[in-house]
file final.tsv (TSV, N, CA and C atoms)
chain	number	residue	atom	x	y	z
A	1	MET	N	116.61	114.08	171.07
A	1	MET	CA	115.98	113.78	172.35
A	1	MET	C	116.17	112.31	172.67
A	2	SER	N	116.55	112.04	173.88
A	2	SER	CA	116.65	110.67	174.36
A	2	SER	C	115.30	110.26	174.92
A	3	LEU	N	114.86	109.08	174.59
A	3	LEU	CA	113.55	108.62	175.01
A	3	LEU	C	113.66	107.91	176.35
A	4	THR	N	113.24	108.60	177.41
A	4	THR	CA	113.24	108.04	178.75
A	4	THR	C	111.93	108.39	179.43
A	5	LYS	N	111.62	107.70	180.51
A	5	LYS	CA	110.41	108.01	181.27
A	5	LYS	C	110.47	109.46	181.76
A	6	GLY	N	111.63	109.87	182.25
A	6	GLY	CA	111.78	111.24	182.75
A	6	GLY	C	111.51	112.29	181.69
A	7	ASN	N	112.05	112.08	180.49
A	7	ASN	CA	111.82	113.03	179.40
A	7	ASN	C	110.35	113.05	178.99
A	8	ILE	N	109.73	111.90	178.97
A	8	ILE	CA	108.31	111.83	178.62
A	8	ILE	C	107.48	112.61	179.64
A	9	ILE	N	107.76	112.41	180.92
A	9	ILE	CA	107.03	113.13	181.97
A	9	ILE	C	107.26	114.62	181.85
A	10	THR	N	108.48	115.03	181.60
A	10	THR	CA	108.79	116.46	181.45
A	10	THR	C	107.97	117.08	180.32
A	11	ILE	N	107.93	116.41	179.19
A	11	ILE	CA	107.17	116.92	178.03
A	11	ILE	C	105.68	117.00	178.36
A	12	LEU	N	105.15	115.95	178.98
A	12	LEU	CA	103.72	115.94	179.30
A	12	LEU	C	103.37	117.02	180.33
A	13	LYS	N	104.22	117.19	181.33
A	13	LYS	CA	103.98	118.24	182.34
A	13	LYS	C	104.07	119.62	181.71
A	14	TYR	N	105.07	119.82	180.87
A	14	TYR	CA	105.28	121.12	180.23
A	14	TYR	C	104.06	121.53	179.40
A	15	THR	N	103.39	120.54	178.82
A	15	THR	CA	102.23	120.83	177.99
A	15	THR	C	100.91	120.64	178.75
A	16	ASN	N	101.02	120.60	180.09
A	16	ASN	CA	99.86	120.52	180.98
A	16	ASN	C	98.95	119.32	180.72
A	17	GLN	N	99.56	118.17	180.49
A	17	GLN	CA	98.80	116.94	180.25
A	17	GLN	C	98.60	116.19	181.56
A	18	ASN	N	97.56	115.38	181.61
A	18	ASN	CA	97.27	114.55	182.78
A	18	ASN	C	98.27	113.39	182.81
A	19	ILE	N	99.04	113.30	183.87
A	19	ILE	CA	100.03	112.21	183.98
A	19	ILE	C	99.74	111.30	185.17
A	20	SER	N	98.51	111.32	185.67
A	20	SER	CA	98.17	110.54	186.86
A	20	SER	C	98.37	109.03	186.66
A	21	GLU	N	98.31	108.54	185.43
A	21	GLU	CA	98.46	107.10	185.16
A	21	GLU	C	99.78	106.77	184.46
A	22	ILE	N	100.72	107.68	184.47
A	22	ILE	CA	101.97	107.51	183.71
A	22	ILE	C	102.77	106.27	184.14
A	23	ASP	N	102.70	105.91	185.42
A	23	ASP	CA	103.46	104.75	185.90
A	23	ASP	C	102.76	103.43	185.60
A	24	ASN	N	101.44	103.44	185.52
A	24	ASN	CA	100.66	102.22	185.32
A	24	ASN	C	100.24	101.99	183.88
A	25	ALA	N	100.14	103.09	183.12
A	25	ALA	CA	99.66	103.00	181.74
A	25	ALA	C	100.41	104.04	180.91
A	26	ASN	N	101.70	103.87	180.77
A	26	ASN	CA	102.56	104.85	180.12
A	26	ASN	C	102.14	105.14	178.69
A	27	TYR	N	102.00	104.10	177.89
A	27	TYR	CA	101.65	104.29	176.47
A	27	TYR	C	100.27	104.91	176.34
A	28	SER	N	99.31	104.44	177.12
A	28	SER	CA	97.95	104.99	177.07
A	28	SER	C	97.94	106.46	177.45
A	29	THR	N	98.72	106.82	178.46
A	29	THR	CA	98.80	108.22	178.90
A	29	THR	C	99.33	109.09	177.77
A	30	ILE	N	100.38	108.64	177.13
A	30	ILE	CA	100.97	109.40	176.02
A	30	ILE	C	99.97	109.53	174.88
A	31	GLN	N	99.35	108.43	174.51
A	31	GLN	CA	98.42	108.44	173.38
A	31	GLN	C	97.15	109.25	173.66
A	32	SER	N	96.80	109.41	174.91
A	32	SER	CA	95.62	110.20	175.29
A	32	SER	C	95.94	111.69	175.40
A	33	SER	N	97.20	112.03	175.30
A	33	SER	CA	97.62	113.42	175.44
A	33	SER	C	97.46	114.18	174.12
A	34	ASP	N	97.69	115.48	174.20
A	34	ASP	CA	97.67	116.33	173.00
A	34	ASP	C	99.06	116.54	172.43
A	35	CYS	N	100.03	115.79	172.89
A	35	CYS	CA	101.42	115.94	172.47
A	35	CYS	C	101.67	115.17	171.17
A	36	ASN	N	101.24	115.73	170.07
A	36	ASN	CA	101.33	115.03	168.79
A	36	ASN	C	102.76	114.75	168.36
A	37	GLU	N	103.67	115.68	168.63
A	37	GLU	CA	105.08	115.44	168.26
A	37	GLU	C	105.65	114.26	169.04
A	38	LEU	N	105.34	114.19	170.33
A	38	LEU	CA	105.80	113.07	171.15
A	38	LEU	C	105.20	111.76	170.64
A	39	LYS	N	103.93	111.76	170.31
A	39	LYS	CA	103.28	110.56	169.79
A	39	LYS	C	103.92	110.11	168.47
A	40	ARG	N	104.19	111.06	167.59
A	40	ARG	CA	104.84	110.72	166.30
A	40	ARG	C	106.25	110.17	166.54
A	41	TYR	N	106.98	110.79	167.47
A	41	TYR	CA	108.34	110.34	167.77
A	41	TYR	C	108.33	108.91	168.30
A	42	ILE	N	107.42	108.63	169.20
A	42	ILE	CA	107.32	107.28	169.76
A	42	ILE	C	106.89	106.29	168.68
A	43	ASP	N	105.98	106.70	167.83
A	43	ASP	CA	105.53	105.82	166.74
A	43	ASP	C	106.69	105.45	165.82
A	44	LYS	N	107.59	106.40	165.55
A	44	LYS	CA	108.75	106.13	164.70
A	44	LYS	C	109.74	105.19	165.38
A	45	LYS	N	109.80	105.24	166.70
A	45	LYS	CA	110.76	104.43	167.46
A	45	LYS	C	110.05	103.45	168.38
A	46	ILE	N	108.92	102.92	167.92
A	46	ILE	CA	108.04	102.13	168.77
A	46	ILE	C	108.72	100.90	169.38
A	47	ASP	N	109.50	100.17	168.63
A	47	ASP	CA	110.14	98.98	169.18
A	47	ASP	C	111.14	99.35	170.26
A	48	PHE	N	111.90	100.43	170.02
A	48	PHE	CA	112.84	100.93	171.03
A	48	PHE	C	112.08	101.40	172.27
A	49	TYR	N	110.99	102.14	172.08
A	49	TYR	CA	110.18	102.62	173.21
A	49	TYR	C	109.69	101.45	174.05
A	50	ILE	N	109.20	100.39	173.39
A	50	ILE	CA	108.70	99.22	174.13
A	50	ILE	C	109.82	98.60	174.96
A	51	SER	N	110.96	98.32	174.33
A	51	SER	CA	112.04	97.62	175.04
A	51	SER	C	112.76	98.48	176.06
A	52	ASP	N	112.94	99.77	175.77
A	52	ASP	CA	113.77	100.60	176.64
A	52	ASP	C	113.00	101.52	177.58
A	53	VAL	N	111.71	101.63	177.40
A	53	VAL	CA	110.92	102.47	178.31
A	53	VAL	C	109.80	101.64	178.94
A	54	LEU	N	108.81	101.26	178.15
A	54	LEU	CA	107.61	100.62	178.69
A	54	LEU	C	107.91	99.35	179.48
A	55	LEU	N	108.69	98.45	178.92
A	55	LEU	CA	108.95	97.18	179.60
A	55	LEU	C	109.81	97.34	180.86
A	56	LYS	N	110.50	98.45	180.97
A	56	LYS	CA	111.35	98.68	182.14
A	56	LYS	C	110.63	99.38	183.29
A	57	LEU	N	109.39	99.78	183.07
A	57	LEU	CA	108.62	100.43	184.12
A	57	LEU	C	107.97	99.35	184.98
A	58	PRO	N	108.38	99.22	186.24
A	58	PRO	CA	107.93	98.09	187.06
A	58	PRO	C	106.42	98.00	187.28
A	59	ASN	N	105.73	99.13	187.33
A	59	ASN	CA	104.29	99.13	187.61
A	59	ASN	C	103.43	99.31	186.37
A	60	ASN	N	104.04	99.34	185.21
A	60	ASN	CA	103.29	99.57	183.97
A	60	ASN	C	102.65	98.26	183.51
A	61	ASP	N	101.45	98.00	184.03
A	61	ASP	CA	100.77	96.75	183.67
A	61	ASP	C	99.27	96.94	183.42
A	62	SER	N	98.84	98.20	183.28
A	62	SER	CA	97.41	98.48	183.17
A	62	SER	C	97.07	99.35	181.97
A	63	GLU	N	97.61	99.04	180.83
A	63	GLU	CA	97.33	99.84	179.63
A	63	GLU	C	95.85	99.75	179.26
A	64	ASN	N	95.33	100.84	178.71
A	64	ASN	CA	93.98	100.88	178.18
A	64	ASN	C	93.85	99.81	177.10
A	65	GLU	N	92.74	99.09	177.07
A	65	GLU	CA	92.60	97.98	176.12
A	65	GLU	C	92.77	98.42	174.66
A	66	ASP	N	92.18	99.54	174.29
A	66	ASP	CA	92.31	100.02	172.89
A	66	ASP	C	93.76	100.32	172.53
A	67	LYS	N	94.47	100.97	173.44
A	67	LYS	CA	95.88	101.31	173.18
A	67	LYS	C	96.75	100.05	173.19
A	68	TYR	N	96.42	99.12	174.07
A	68	TYR	CA	97.12	97.84	174.13
A	68	TYR	C	96.93	97.08	172.81
A	69	LEU	N	95.72	97.08	172.29
A	69	LEU	CA	95.47	96.44	170.99
A	69	LEU	C	96.28	97.11	169.89
A	70	ASP	N	96.40	98.44	169.96
A	70	ASP	CA	97.24	99.15	168.97
A	70	ASP	C	98.66	98.61	169.01
A	71	LEU	N	99.18	98.38	170.21
A	71	LEU	CA	100.54	97.84	170.33
A	71	LEU	C	100.61	96.41	169.81
A	72	LEU	N	99.67	95.58	170.22
A	72	LEU	CA	99.68	94.18	169.79
A	72	LEU	C	99.57	94.04	168.28
A	73	ASN	N	98.89	94.96	167.64
A	73	ASN	CA	98.68	94.90	166.19
A	73	ASN	C	99.71	95.70	165.39
A	74	ASN	N	100.69	96.26	166.07
A	74	ASN	CA	101.69	97.09	165.40
A	74	ASN	C	102.79	96.19	164.81
A	75	SER	N	102.88	96.16	163.51
A	75	SER	CA	103.85	95.29	162.83
A	75	SER	C	105.29	95.77	162.98
A	76	ASN	N	105.50	96.96	163.55
A	76	ASN	CA	106.85	97.48	163.77
A	76	ASN	C	107.43	97.08	165.12
A	77	ILE	N	106.68	96.31	165.87
A	77	ILE	CA	107.16	95.82	167.17
A	77	ILE	C	107.61	94.38	166.99
A	78	SER	N	108.81	94.08	167.44
A	78	SER	CA	109.37	92.74	167.28
A	78	SER	C	108.53	91.71	168.04
A	79	SER	N	108.58	90.48	167.57
A	79	SER	CA	107.83	89.41	168.24
A	79	SER	C	108.32	89.23	169.67
A	80	LYS	N	109.61	89.41	169.89
A	80	LYS	CA	110.17	89.32	171.25
A	80	LYS	C	109.51	90.34	172.17
A	81	ASN	N	109.34	91.57	171.69
A	81	ASN	CA	108.71	92.61	172.51
A	81	ASN	C	107.21	92.39	172.66
A	82	ILE	N	106.56	91.83	171.65
A	82	ILE	CA	105.13	91.51	171.77
A	82	ILE	C	104.93	90.47	172.87
A	83	ILE	N	105.74	89.43	172.87
A	83	ILE	CA	105.64	88.39	173.91
A	83	ILE	C	105.90	89.00	175.29
A	84	ALA	N	106.89	89.86	175.39
A	84	ALA	CA	107.19	90.52	176.67
A	84	ALA	C	106.02	91.40	177.11
A	85	LEU	N	105.37	92.08	176.17
A	85	LEU	CA	104.19	92.90	176.48
A	85	LEU	C	103.07	92.03	177.04
A	86	VAL	N	102.78	90.94	176.37
A	86	VAL	CA	101.71	90.04	176.82
A	86	VAL	C	102.00	89.54	178.23
A	87	ASN	N	103.25	89.21	178.50
A	87	ASN	CA	103.61	88.73	179.83
A	87	ASN	C	103.54	89.82	180.89
A	88	LYS	N	103.77	91.06	180.51
A	88	LYS	CA	103.81	92.17	181.48
A	88	LYS	C	102.45	92.81	181.74
A	89	ILE	N	101.72	93.09	180.67
A	89	ILE	CA	100.48	93.84	180.77
A	89	ILE	C	99.35	92.93	181.28
A	90	GLU	N	98.66	93.37	182.32
A	90	GLU	CA	97.57	92.59	182.91
A	90	GLU	C	96.23	92.80	182.22
A	91	THR	N	96.13	93.82	181.38
A	91	THR	CA	94.89	94.13	180.68
A	91	THR	C	94.47	92.92	179.85
A	92	LYS	N	93.20	92.54	179.99
A	92	LYS	CA	92.68	91.41	179.21
A	92	LYS	C	91.93	91.94	178.00
A	93	ILE	N	92.01	91.19	176.93
A	93	ILE	CA	91.38	91.56	175.66
A	93	ILE	C	89.93	91.04	175.65
A	94	SER	N	89.00	91.92	175.32
A	94	SER	CA	87.58	91.55	175.29
A	94	SER	C	87.22	90.76	174.04
A	95	ASP	N	87.78	91.16	172.90
A	95	ASP	CA	87.43	90.53	171.63
A	95	ASP	C	88.71	90.11	170.91
A	96	ILE	N	89.02	88.84	171.00
A	96	ILE	CA	90.26	88.30	170.43
A	96	ILE	C	90.32	88.48	168.92
A	97	SER	N	89.17	88.64	168.26
A	97	SER	CA	89.17	88.81	166.81
A	97	SER	C	89.76	90.16	166.40
A	98	LEU	N	89.92	91.09	167.35
A	98	LEU	CA	90.53	92.39	167.05
A	98	LEU	C	92.05	92.31	166.99
A	99	VAL	N	92.62	91.18	167.38
A	99	VAL	CA	94.06	90.98	167.33
A	99	VAL	C	94.41	90.43	165.96
A	100	THR	N	95.22	91.18	165.21
A	100	THR	CA	95.46	90.81	163.81
A	100	THR	C	96.84	90.18	163.54
A	101	GLY	N	97.76	90.33	164.44
A	101	GLY	CA	99.11	89.81	164.23
A	101	GLY	C	99.15	88.29	164.27
A	102	ALA	N	99.96	87.72	163.42
A	102	ALA	CA	100.09	86.26	163.33
A	102	ALA	C	100.59	85.68	164.65
A	103	GLY	N	99.82	84.74	165.19
A	103	GLY	CA	100.23	84.03	166.40
A	103	GLY	C	99.97	84.76	167.71
A	104	ILE	N	99.59	86.01	167.66
A	104	ILE	CA	99.42	86.79	168.90
A	104	ILE	C	98.17	86.34	169.66
A	105	SER	N	97.11	85.99	168.94
A	105	SER	CA	95.90	85.50	169.60
A	105	SER	C	96.22	84.27	170.45
A	106	GLU	N	96.99	83.37	169.89
A	106	GLU	CA	97.35	82.14	170.60
A	106	GLU	C	98.19	82.46	171.85
A	107	ILE	N	99.07	83.43	171.74
A	107	ILE	CA	99.90	83.83	172.88
A	107	ILE	C	99.01	84.40	173.98
A	108	LEU	N	98.05	85.25	173.62
A	108	LEU	CA	97.13	85.83	174.60
A	108	LEU	C	96.29	84.75	175.28
A	109	ILE	N	95.80	83.81	174.49
A	109	ILE	CA	94.99	82.73	175.04
A	109	ILE	C	95.83	81.90	176.01
A	110	GLY	N	97.04	81.56	175.60
A	110	GLY	CA	97.93	80.78	176.46
A	110	GLY	C	98.29	81.48	177.75
A	111	ALA	N	98.34	82.81	177.71
A	111	ALA	CA	98.69	83.59	178.90
A	111	ALA	C	97.45	83.97	179.71
A	112	LEU	N	96.29	83.47	179.30
A	112	LEU	CA	95.01	83.76	179.97
A	112	LEU	C	94.73	85.26	180.02
A	113	LYS	N	94.96	85.93	178.90
A	113	LYS	CA	94.78	87.38	178.82
A	113	LYS	C	93.58	87.75	177.95
A	114	VAL	N	92.55	86.91	177.99
A	114	VAL	CA	91.32	87.17	177.24
A	114	VAL	C	90.16	87.14	178.22
A	115	LYS	N	89.24	88.10	178.12
A	115	LYS	CA	88.13	88.20	179.07
A	115	LYS	C	87.09	87.11	178.90
A	116	GLN	N	86.65	86.87	177.72
A	116	GLN	CA	85.54	85.97	177.46
A	116	GLN	C	86.03	84.68	176.82
A	117	TYR	N	86.02	83.61	177.57
A	117	TYR	CA	86.50	82.36	176.99
A	117	TYR	C	85.51	81.73	176.03
A	118	GLY	N	84.24	82.14	176.05
A	118	GLY	CA	83.28	81.71	175.03
A	118	GLY	C	83.72	82.19	173.66
A	119	VAL	N	84.29	83.39	173.64
A	119	VAL	CA	84.81	83.96	172.39
A	119	VAL	C	85.98	83.12	171.89
A	120	ILE	N	86.76	82.60	172.80
A	120	ILE	CA	87.91	81.77	172.42
A	120	ILE	C	87.44	80.50	171.72
A	121	TYR	N	86.41	79.89	172.26
A	121	TYR	CA	85.89	78.67	171.63
A	121	TYR	C	85.42	78.97	170.21
A	122	THR	N	84.77	80.11	170.02
A	122	THR	CA	84.34	80.52	168.68
A	122	THR	C	85.55	80.72	167.79
A	123	TYR	N	86.59	81.38	168.31
A	123	TYR	CA	87.81	81.62	167.55
A	123	TYR	C	88.45	80.29	167.15
A	124	ILE	N	88.57	79.36	168.08
A	124	ILE	CA	89.19	78.07	167.81
A	124	ILE	C	88.36	77.30	166.76
A	125	PHE	N	87.04	77.34	166.91
A	125	PHE	CA	86.17	76.66	165.96
A	125	PHE	C	86.37	77.22	164.55
A	126	LYS	N	86.45	78.55	164.43
A	126	LYS	CA	86.68	79.17	163.11
A	126	LYS	C	88.03	78.77	162.54
A	127	GLN	N	89.05	78.71	163.41
A	127	GLN	CA	90.37	78.31	162.96
A	127	GLN	C	90.36	76.86	162.45
A	128	MET	N	89.63	76.00	163.14
A	128	MET	CA	89.57	74.60	162.74
A	128	MET	C	88.84	74.44	161.41
A	129	LYS	N	87.83	75.28	161.18
A	129	LYS	CA	87.08	75.20	159.93
A	129	LYS	C	87.94	75.62	158.74
A	130	ARG	N	88.92	76.49	158.97
A	130	ARG	CA	89.80	76.94	157.89
A	130	ARG	C	90.73	75.83	157.40
A	131	LYS	N	91.02	74.90	158.26
A	131	LYS	CA	92.00	73.85	157.93
A	131	LYS	C	91.41	72.74	157.16

call {"tool": "encode", "arguments": {"input": "final.tsv", "output": "structure tokens"}}
result
Amino acid sequence: MSLTKGNIITILKYTNQNISEIDNANYSTIQSSDCNELKRYIDKKIDFYISDVLLKLPNNDSENEDKYLDLLNNSNISSKNIIALVNKIETKISDISLVTGAGISEILIGALKVKQYGVIYTYIFKQMKRK
């Protein structure tokens, strides 16, 4: 199977899944579906899916925060694709401490993709105490 937006939509429609947000929240729509084989396939090819499907969808900028965190914390996604995700996705992170990847918190803060800046000050203070 070739991984394309069209193929993903076909699979989701065939299995009677809700695709109302497929253009704005592609990954979240897939992960919220009952299509376990599709989810496993995407998980195996996650970096390819990010670069060749998700990032190429012009309106895909509203991923669910939990699913977006799953992507940000996925060690199988290249740093290049993580940076591209942060630049593309408008969803803001509520709790920066949930971001576990090295350097990703700083990228989110720099891109103003965090909801509570009081949390950022706490994060920065904790980082300074470690040094």

call {"tool": "residues_around", "arguments": {"input": "final.tsv", "residues": "Ala111 (chain A)", "least_positions_apart": "5", "cutoff": "9 Å", "atoms": "only C-alpha atoms", "output": "MDAnalysis selection string"}}
result
chainID A and resid 86:87 106

call {"tool": "select_by_dssp", "arguments": {"input": "final.tsv", "residues": "region 10-113 of chain A", "states": "alpha helix (DSSP H)", "output": "PyMOL selection string"}}
result
chain A and resi 10-14+26-31+36-44+46-52+65-72+79-88+104-110

call {"tool": "residues_around", "arguments": {"input": "final.tsv", "residues": "Ile22 (chain A)", "least_positions_apart": "6", "cutoff": "7 Å", "atoms": "all atoms listed in the file", "output": "ChimeraX atom specification"}}
result
/A:29-30,60

call {"tool": "closest_residue", "arguments": {"input": "final.tsv", "among": "A:Ile93, A:Leu38, A:Ala25, A:Ala84", "to": "Glu63 (chain A)", "atoms": "all atoms listed in the file"}}
result
A:Ala25

call {"tool": "residues_near_point", "arguments": {"input": "final.tsv", "point": "(109.4, 93.2, 172.9)", "cutoff": "10 Å", "atoms": "only C-alpha atoms", "output": "PyMOL selection string"}}
result
chain A and resi 46-52+54-55+77-86

call {"tool": "closest_residue", "arguments": {"input": "final.tsv", "among": "A:Lys115, A:Asn16, A:Gly103, A:Gln31", "to": "Lys67 (chain A)", "atoms": "all atoms listed in the file"}}
result
A:Gln31

call {"tool": "residues_near_point", "arguments": {"input": "final.tsv", "point": "(96.4, 92.1, 164.8)", "cutoff": "6.5 Å", "atoms": "only N, CA and C atoms", "output": "PDB file with N, CA and C atoms, keeping the file's coordinate frame"}}
result
ATOM      1  N   LEU A  72      99.670  95.580 170.220  1.00  0.00           N
ATOM      2  CA  LEU A  72      99.680  94.180 169.790  1.00  0.00           C
ATOM      3  C   LEU A  72      99.570  94.040 168.280  1.00  0.00           C
ATOM      4  N   ASN A  73      98.890  94.960 167.640  1.00  0.00           N
ATOM      5  CA  ASN A  73      98.680  94.900 166.190  1.00  0.00           C
ATOM      6  C   ASN A  73      99.710  95.700 165.390  1.00  0.00           C
ATOM      7  N   ASN A  74     100.690  96.260 166.070  1.00  0.00           N
ATOM      8  CA  ASN A  74     101.690  97.090 165.400  1.00  0.00           C
ATOM      9  C   ASN A  74     102.790  96.190 164.810  1.00  0.00           C
ATOM     10  N   LEU A  98      89.920  91.090 167.350  1.00  0.00           N
ATOM     11  CA  LEU A  98      90.530  92.390 167.050  1.00  0.00           C
ATOM     12  C   LEU A  98      92.050  92.310 166.990  1.00  0.00           C
ATOM     13  N   VAL A  99      92.620  91.180 167.380  1.00  0.00           N
ATOM     14  CA  VAL A  99      94.060  90.980 167.330  1.00  0.00           C
ATOM     15  C   VAL A  99      94.410  90.430 165.960  1.00  0.00           C
ATOM     16  N   THR A 100      95.220  91.180 165.210  1.00  0.00           N
ATOM     17  CA  THR A 100      95.460  90.810 163.810  1.00  0.00           C
ATOM     18  C   THR A 100      96.840  90.180 163.540  1.00  0.00           C
ATOM     19  N   GLY A 101      97.760  90.330 164.440  1.00  0.00           N
ATOM     20  CA  GLY A 101      99.110  89.810 164.230  1.00  0.00           C
ATOM     21  C   GLY A 101      99.150  88.290 164.270  1.00  0.00           C
ATOM     22  N   ALA A 102      99.960  87.720 163.420  1.00  0.00           N
ATOM     23  CA  ALA A 102     100.090  86.260 163.330  1.00  0.00           C
ATOM     24  C   ALA A 102     100.590  85.680 164.650  1.00  0.00           C
TER      25      ALA A 102
END

call {"tool": "closest_residue", "arguments": {"input": "final.tsv", "among": "A:Thr15, A:Lys88, A:Tyr27, A:Val53", "to": "Asp66 (chain A)", "atoms": "only C-alpha atoms"}}
result
A:Tyr27

call {"tool": "closest_residue", "arguments": {"input": "final.tsv", "among": "A:Asn7, A:Gln127, A:Thr91, A:Ser2", "to": "Lys113 (chain A)", "atoms": "all atoms listed in the file"}}
result
A:Thr91

call {"tool": "atom_distance", "arguments": {"input": "final.tsv", "atom1": "atom C of Ile8 (chain A)", "atom2": "CA of Glu90 (chain A)"}}
result
22.6 Å

call {"tool": "closest_residue", "arguments": {"input": "final.tsv", "among": "A:Asn76, A:Asp61, A:Gln116, A:Ile109", "to": "Asn24 (chain A)", "atoms": "only N, CA and C atoms"}}
result
A:Asp61

call {"tool": "closest_residue", "arguments": {"input": "final.tsv", "among": "A:Cys35, A:Asn26, A:Leu112, A:Arg40", "to": "Leu12 (chain A)", "atoms": "only C-alpha atoms"}}
result
A:Cys35

call {"tool": "decode", "arguments": {"input": "final.tsv", "residues": "region 81-96 of chain A", "atoms": "N, CA, C and O atoms", "output": "PDB file, in the first residue's frame"}}
result
ATOM      1  N   ASN A  81      11.875  16.768  10.754  1.00  0.00           N
ATOM      2  CA  ASN A  81      10.414  16.689  10.685  1.00  0.00           C
ATOM      3  C   ASN A  81       9.750  17.227  11.946  1.00  0.00           C
ATOM      4  O   ASN A  81       8.659  17.798  11.874  1.00  0.00           O
ATOM      5  N   ILE A  82      10.390  17.077  13.102  1.00  0.00           N
ATOM      6  CA  ILE A  82       9.847  17.657  14.342  1.00  0.00           C
ATOM      7  C   ILE A  82       9.798  19.178  14.215  1.00  0.00           C
ATOM      8  O   ILE A  82       8.790  19.813  14.547  1.00  0.00           O
ATOM      9  N   ILE A  83      10.877  19.773  13.743  1.00  0.00           N
ATOM     10  CA  ILE A  83      10.921  21.234  13.566  1.00  0.00           C
ATOM     11  C   ILE A  83       9.850  21.674  12.568  1.00  0.00           C
ATOM     12  O   ILE A  83       9.139  22.658  12.803  1.00  0.00           O
ATOM     13  N   ALA A  84       9.695  20.931  11.478  1.00  0.00           N
ATOM     14  CA  ALA A  84       8.665  21.257  10.489  1.00  0.00           C
ATOM     15  C   ALA A  84       7.267  21.144  11.094  1.00  0.00           C
ATOM     16  O   ALA A  84       6.390  21.969  10.804  1.00  0.00           O
ATOM     17  N   LEU A  85       7.052  20.142  11.944  1.00  0.00           N
ATOM     18  CA  LEU A  85       5.761  19.988  12.632  1.00  0.00           C
ATOM     19  C   LEU A  85       5.476  21.191  13.516  1.00  0.00           C
ATOM     20  O   LEU A  85       4.368  21.739  13.487  1.00  0.00           O
ATOM     21  N   VAL A  86       6.444  21.588  14.309  1.00  0.00           N
ATOM     22  CA  VAL A  86       6.261  22.729  15.210  1.00  0.00           C
ATOM     23  C   VAL A  86       5.926  23.981  14.409  1.00  0.00           C
ATOM     24  O   VAL A  86       5.050  24.762  14.801  1.00  0.00           O
ATOM     25  N   ASN A  87       6.582  24.164  13.283  1.00  0.00           N
ATOM     26  CA  ASN A  87       6.313  25.335  12.448  1.00  0.00           C
ATOM     27  C   ASN A  87       4.945  25.277  11.781  1.00  0.00           C
ATOM     28  O   ASN A  87       4.328  26.314  11.544  1.00  0.00           O
ATOM     29  N   LYS A  88       4.451  24.086  11.497  1.00  0.00           N
ATOM     30  CA  LYS A  88       3.184  23.926  10.771  1.00  0.00           C
ATOM     31  C   LYS A  88       1.958  23.897  11.682  1.00  0.00           C
ATOM     32  O   LYS A  88       0.964  24.556  11.423  1.00  0.00           O
ATOM     33  N   ILE A  89       2.035  23.114  12.746  1.00  0.00           N
ATOM     34  CA  ILE A  89       0.879  22.875  13.600  1.00  0.00           C
ATOM     35  C   ILE A  89       0.651  24.078  14.519  1.00  0.00           C
ATOM     36  O   ILE A  89       1.570  24.520  15.209  1.00  0.00           O
ATOM     37  N   GLU A  90      -0.572  24.590  14.531  1.00  0.00           N
ATOM     38  CA  GLU A  90      -0.918  25.753  15.352  1.00  0.00           C
ATOM     39  C   GLU A  90      -1.304  25.383  16.782  1.00  0.00           C
ATOM     40  O   GLU A  90      -1.392  26.248  17.643  1.00  0.00           O
ATOM     41  N   THR A  91      -1.545  24.108  17.042  1.00  0.00           N
ATOM     42  CA  THR A  91      -1.939  23.652  18.371  1.00  0.00           C
ATOM     43  C   THR A  91      -0.869  24.047  19.377  1.00  0.00           C
ATOM     44  O   THR A  91       0.315  23.811  19.157  1.00  0.00           O
ATOM     45  N   LYS A  92      -1.303  24.647  20.477  1.00  0.00           N
ATOM     46  CA  LYS A  92      -0.360  25.038  21.532  1.00  0.00           C
ATOM     47  C   LYS A  92      -0.371  23.984  22.634  1.00  0.00           C
ATOM     48  O   LYS A  92      -1.389  23.379  22.924  1.00  0.00           O
ATOM     49  N   ILE A  93       0.777  23.791  23.229  1.00  0.00           N
ATOM     50  CA  ILE A  93       0.957  22.796  24.282  1.00  0.00           C
ATOM     51  C   ILE A  93       0.618  23.433  25.638  1.00  0.00           C
ATOM     52  O   ILE A  93       1.126  24.500  25.968  1.00  0.00           O
ATOM     53  N   SER A  94      -0.224  22.750  26.398  1.00  0.00           N
ATOM     54  CA  SER A  94      -0.647  23.262  27.716  1.00  0.00           C
ATOM     55  C   SER A  94       0.424  23.063  28.773  1.00  0.00           C
ATOM     56  O   SER A  94       0.642  23.931  29.615  1.00  0.00           O
ATOM     57  N   ASP A  95       1.087  21.914  28.748  1.00  0.00           N
ATOM     58  CA  ASP A  95       2.068  21.580  29.776  1.00  0.00           C
ATOM     59  C   ASP A  95       3.374  21.157  29.109  1.00  0.00           C
ATOM     60  O   ASP A  95       3.519  20.025  28.654  1.00  0.00           O
ATOM     61  N   ILE A  96       4.311  22.074  29.073  1.00  0.00           N
ATOM     62  CA  ILE A  96       5.586  21.846  28.391  1.00  0.00           C
ATOM     63  C   ILE A  96       6.372  20.691  29.010  1.00  0.00           C
ATOM     64  O   ILE A  96       7.191  20.061  28.342  1.00  0.00           O
TER      65      ILE A  96
END
